[in-house]
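Asker: Attaching a single structure in structure tokens format; questions to follow.
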Amino acid sequence: MGTLTTTLDPAVSEVVDAAAARVRAAAGDRIGDMVGAALRRTLTDTVTLGEDGTAFVITGDIPAMWLRDSTTQLTPYLRFLADCPPLADLVAAVVRRQLAQLAHDPYANAFNDGPTGAHYDPEDVCDDPHVWEQKYEVDSLAYPVTLAHRLWRSTGRTDVFDARAHDVLRTVVRQLRAEQRHDESPYRFSRATTIPTETLARDGRGTPVAVTGMTWSGFRPSDDACTYGYNVPANLFAAQALLAVADIAAEVYRDTALVEDARTLSRELTAGVAKHGVVPGPGGEDVYAYEVDGLGGVLLMDDANTPSLLSLPLIAPDVLDRGVWEATRRFVLSPDNPYYYSGTVAAGVGSPHTKPGRVWPIALAVEGLVGTPADRVRLLHLIADTDGGTGQVHESFDPSDPTQFSRPWFSWADSMFCELALAVADDAAQPRPSQEQA
């Protein structure tokens, strides 16, 4: 256990204030104020500094640390690391904790701050007191790798890459490879529940899958069970993360065996997606499926939680097929996607994780980030205008009545809103072409 960072280092506070000022100049005072408050709230209300030099990050209104959420919560700050050493120190502390968590249990998705014994469900098969929940999600391996890689590339610092980190990188590759043949895996997740998305079929093994070259995932980034075991956006994200593993292995560790293993596995995942995960869409164009099983099962949809199909240019830019993604984007942002919802106030992607008909601000932020500058401005204002009068960004909301929302404090959504706002500020700072250039 450690100390909650209720006060900010003066240098970090200066960075937050400057970021909020840039957003005010680009998008107005209200949005700038929301961004400033959200950037502070994440740092002061979710981060606990440990005596061991690590940092524990809760996801908001749940007292546990998700490997996925803790990475995305820090994303808006990454652009400032080179010029703010105290902020880089904080990110490094989070990376150390994430790597320690992966070393402890690479199948778990969320952890406690020490062996507290807290669990999502006290009857879970996993009774490890360090683990909040042991839902195996491929992105839980990929997100910490990408955060460590971005910290390194932004600052040049290699202090997080000790011997344990080296072992963790090997574990990531080994586990993703092992789950290419899931029927040989020891992992099981079974929960006594009437909610089908909270447990896995076949006594915890999940629905049947063929060997495809892709890597298996029990659960989606929403923490809902996969319908089919190969989640396509998670596989492409993993393929991208493996390139980051190879990069670190080559330049930091000089580990040629790990370089080759990571690059080979990245190619296998990408080839598996191309062969099994690209399917005809409703309009006849080739699109990415959300999930497949290699046995003929195909799920055409997208979910608001990232990695999503919509987010692929952000999280898998070097491994996606841009033409297939463009067609997929058109599908995702249409009524053909069963989780695209419209109301009198808003329209966007939701999730089966929340009530039917609810739009997620995370998905609205992603839609803006992969769109045009005009898209970013429009969606930034839409998220701000659908806060239900609270000044905070929520998990989901009724697109006809934004005062009806889930999770009054959801730090991941806060951070995605900030990331979109900072992108709008970046757009505004770009020189406009002169009339002669136009």
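Lettering and numbering for the structure tokens are positional, with chains as A, B, ... in the shown order, residues counted from 1 in each chain, and ligands counted from 1 in the shown order.
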Can you pull out the residues contacting Val57 (chain A)? Cut-off 6 Å, using only C-alpha atoms, and skip same-chain residues under 6 positions away; I want them as a PyMOL selection string.
Answerer: chain A and resi 46-47+65+70
Asker: Tell me, as a ChimeraX atom specification, which residues lie within 8 Å of region 132-142 of chain A, counting only C-alpha atoms; anything in the same chain fewer than 2 positions away does not count.
Answerer: /A:64,66-68,102,106-112,117-121,126,129-130,144-146,172,176,189,216-221,223,234-235,237-238,241-242,307
Asker: Residues of the last selection are to be written out with N, CA and C atoms, as a CSV table (one decimal), in the first residue's frame.
Answerer:
```csv
chain,number,residue,atom,x,y,z
A,64,ALA,N,-9.9,-1.3,-8.0
A,64,ALA,CA,-8.9,-2.3,-8.6
A,64,ALA,C,-8.2,-1.6,-9.8
A,66,TRP,N,-6.9,-2.2,-13.6
A,66,TRP,CA,-7.0,-2.9,-14.8
A,66,TRP,C,-5.7,-2.6,-15.6
A,67,LEU,N,-5.1,-3.6,-16.2
A,67,LEU,CA,-4.0,-3.4,-17.1
A,67,LEU,C,-4.3,-2.5,-18.3
A,68,ARG,N,-5.5,-2.7,-18.8
A,68,ARG,CA,-6.0,-1.9,-20.0
A,68,ARG,C,-6.3,-0.5,-19.5
A,102,LEU,N,1.9,-8.5,-14.4
A,102,LEU,CA,2.0,-9.5,-15.5
A,102,LEU,C,3.0,-10.7,-15.0
A,106,PRO,N,-0.1,-13.6,-15.6
A,106,PRO,CA,-0.4,-13.0,-17.0
A,106,PRO,C,-1.8,-13.3,-17.5
A,107,TYR,N,-2.6,-14.1,-16.8
A,107,TYR,CA,-3.9,-14.4,-17.2
A,107,TYR,C,-4.9,-13.4,-16.6
A,108,ALA,N,-4.5,-12.7,-15.6
A,108,ALA,CA,-5.5,-11.8,-14.9
A,108,ALA,C,-5.6,-10.5,-15.6
A,109,ASN,N,-6.8,-9.9,-15.4
A,109,ASN,CA,-7.1,-8.6,-16.1
A,109,ASN,C,-7.1,-7.4,-15.1
A,110,ALA,N,-7.3,-7.7,-13.8
A,110,ALA,CA,-7.4,-6.6,-12.8
A,110,ALA,C,-6.8,-7.1,-11.5
A,111,PHE,N,-6.2,-6.2,-10.8
A,111,PHE,CA,-5.4,-6.5,-9.6
A,111,PHE,C,-5.8,-5.6,-8.4
A,112,ASN,N,-5.5,-6.2,-7.2
A,112,ASN,CA,-5.6,-5.4,-6.0
A,112,ASN,C,-4.3,-4.7,-5.7
A,117,GLY,N,-7.2,-9.6,-0.9
A,117,GLY,CA,-8.2,-10.6,-0.9
A,117,GLY,C,-9.5,-10.2,-1.5
A,118,ALA,N,-9.6,-8.9,-2.0
A,118,ALA,CA,-10.8,-8.4,-2.7
A,118,ALA,C,-11.0,-9.1,-4.0
A,119,HIS,N,-12.2,-9.4,-4.4
A,119,HIS,CA,-12.5,-10.0,-5.7
A,119,HIS,C,-13.8,-9.5,-6.2
A,120,TYR,N,-14.0,-9.5,-7.5
A,120,TYR,CA,-15.2,-9.1,-8.1
A,120,TYR,C,-16.3,-10.1,-7.6
A,121,ASP,N,-16.0,-11.3,-7.6
A,121,ASP,CA,-16.9,-12.4,-7.1
A,121,ASP,C,-16.2,-13.3,-6.2
A,126,CYS,N,-10.3,-18.4,-9.2
A,126,CYS,CA,-9.0,-17.8,-8.8
A,126,CYS,C,-9.2,-17.2,-7.4
A,129,PRO,N,-5.1,-13.6,-3.5
A,129,PRO,CA,-5.5,-12.4,-2.8
A,129,PRO,C,-5.0,-11.1,-3.6
A,130,HIS,N,-4.0,-11.3,-4.5
A,130,HIS,CA,-3.6,-10.2,-5.2
A,130,HIS,C,-4.5,-9.8,-6.4
A,144,PRO,N,0.3,-2.9,-21.5
A,144,PRO,CA,1.5,-2.5,-20.8
A,144,PRO,C,2.7,-2.5,-21.7
A,145,VAL,N,2.8,-3.4,-22.6
A,145,VAL,CA,3.9,-3.4,-23.6
A,145,VAL,C,4.0,-2.0,-24.3
A,146,THR,N,2.8,-1.6,-24.8
A,146,THR,CA,2.8,-0.4,-25.6
A,146,THR,C,3.1,0.8,-24.7
A,172,VAL,N,5.0,-12.6,-22.4
A,172,VAL,CA,3.9,-12.1,-23.3
A,172,VAL,C,3.9,-12.9,-24.6
A,176,LEU,N,0.9,-15.6,-25.7
A,176,LEU,CA,0.2,-15.4,-26.9
A,176,LEU,C,0.3,-16.6,-27.8
A,189,PHE,N,-12.0,-20.5,-16.8
A,189,PHE,CA,-12.7,-19.5,-16.0
A,189,PHE,C,-14.2,-19.9,-15.9
A,216,TRP,N,-6.1,-16.9,-28.9
A,216,TRP,CA,-7.4,-17.0,-28.2
A,216,TRP,C,-7.5,-16.0,-27.1
A,217,SER,N,-8.8,-15.5,-26.9
A,217,SER,CA,-9.1,-14.7,-25.7
A,217,SER,C,-10.4,-15.1,-25.1
A,218,GLY,N,-10.4,-15.3,-23.8
A,218,GLY,CA,-11.6,-15.7,-23.2
A,218,GLY,C,-12.7,-14.5,-23.1
A,219,PHE,N,-12.1,-13.3,-22.9
A,219,PHE,CA,-13.0,-12.2,-22.7
A,219,PHE,C,-12.6,-11.0,-23.6
A,220,ARG,N,-13.6,-10.1,-23.8
A,220,ARG,CA,-13.4,-8.9,-24.6
A,220,ARG,C,-12.8,-7.8,-23.7
A,221,PRO,N,-12.4,-6.7,-24.3
A,221,PRO,CA,-12.0,-5.5,-23.5
A,221,PRO,C,-13.1,-5.0,-22.7
A,223,ASP,N,-14.8,-6.8,-20.7
A,223,ASP,CA,-14.8,-7.9,-19.7
A,223,ASP,C,-16.0,-8.8,-19.9
A,234,ALA,N,-8.4,-7.4,-30.9
A,234,ALA,CA,-7.4,-7.8,-30.0
A,234,ALA,C,-6.2,-8.5,-30.6
A,235,ASN,N,-6.4,-9.3,-31.6
A,235,ASN,CA,-5.3,-10.0,-32.3
A,235,ASN,C,-4.5,-9.0,-33.1
A,237,PHE,N,-4.1,-5.8,-32.3
A,237,PHE,CA,-3.4,-5.0,-31.3
A,237,PHE,C,-2.3,-5.8,-30.8
A,238,ALA,N,-2.4,-7.1,-30.5
A,238,ALA,CA,-1.3,-7.9,-30.1
A,238,ALA,C,-0.2,-8.0,-31.1
A,241,ALA,N,1.7,-4.8,-30.7
A,241,ALA,CA,2.4,-4.8,-29.5
A,241,ALA,C,3.7,-5.7,-29.6
A,242,LEU,N,3.6,-6.8,-30.4
A,242,LEU,CA,4.7,-7.7,-30.6
A,242,LEU,C,5.8,-7.0,-31.3
A,307,PRO,N,-9.3,-2.5,-27.3
A,307,PRO,CA,-9.2,-2.4,-28.7
A,307,PRO,C,-10.5,-2.8,-29.4
```
Asker: Could you name the residues that touch Gly368 (chain A) at 12 Å or less, counting only C-alpha atoms, but leaving out those on the same chain fewer than 3 positions away, as a VMD selection string?
Answerer: chain A and resid 310 to 311 313 to 314 333 348 361 to 365 371 to 383 416 to 424
Asker: Can you pull out every residue from region 290-397 of chain A that DSSP, working from the backbone, puts in strand (DSSP E), and format the result as a PyMOL selection string?
Answerer: chain A and resi 291-292+298-299+340-342+347-349+396-397
Asker: Kindly indicate which residue among A:Glu326, A:Ser154, A:Ala316, A:Ser308 lies nearest to Val287 (chain A), using only C-alpha atoms for the distances.
Answerer: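 The answer is A:Glu326, which sits nearest to Val287 (chain A).
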Asker: Using CA of Leu309 (chain A) and CA of His149 (chain A) as the two end points, give the distance in Å to one decimal.
Answerer: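 Rounded to one decimal, the two atoms are 22.3 Å apart.
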Asker: Go through region 15-157 of chain A and collect every residue that DSSP, computed from the backbone, puts in helix (DSSP H, G or I); the answer should be as a PyMOL selection string.
Answerer: chain A and resi 15-27+29-45+67-83+85-104+139-155
Asker: Using only C-alpha atoms, find the one residue out of A:Val370, A:Ser396, A:Thr227, A:Asp336 that sits nearest to Lys355 (chain A).
Answerer: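 Nearest candidate to Lys355 (chain A) out of A:Val370, A:Ser396, A:Thr227, A:Asp336: A:Ser396.
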Asker: Using only C-alpha atoms for the distances, tell me which of A:Gly114, A:Gly388, A:Pro338, A:Gly50 is nearest to Pro63 (chain A).
Answerer: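 Under the stated criterion, the closest residue is A:Gly114.
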Asker: Find the residue from A:Ala249, A:Met301, A:Arg322, A:Asp426 that sits nearest to Pro335 (chain A); use only C-alpha atoms when measuring.
Answerer: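 Comparing A:Ala249, A:Met301, A:Arg322, A:Asp426 against Pro335 (chain A), the winner is A:Met301.
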Asker: When you look at region 288-294 of chain A with a cut-off of 9 Å (counting only C-alpha atoms), what residues show up, excluding the ones that are within fewer than 3 positions of it in the same chain? I need them as a count of residues only.
Answerer: 35
Asker: With region 255-271 of chain A as the partner and 10 Å as the cut-off, tabulate the residues of region 293-412 of chain A that qualify, each row holding the nearest pair of atoms and their distance in Å to one decimal, using only C-alpha atoms, sorted by chain and rising number, as JSON lines.
Answerer:
```
{"residue": "A:Val319", "atom": "CA", "partner": "A:Thr270", "partner_atom": "CA", "distance": 6.7}
{"residue": "A:Leu320", "atom": "CA", "partner": "A:Thr270", "partner_atom": "CA", "distance": 7.9}
{"residue": "A:Asp321", "atom": "CA", "partner": "A:Thr270", "partner_atom": "CA", "distance": 9.6}
```
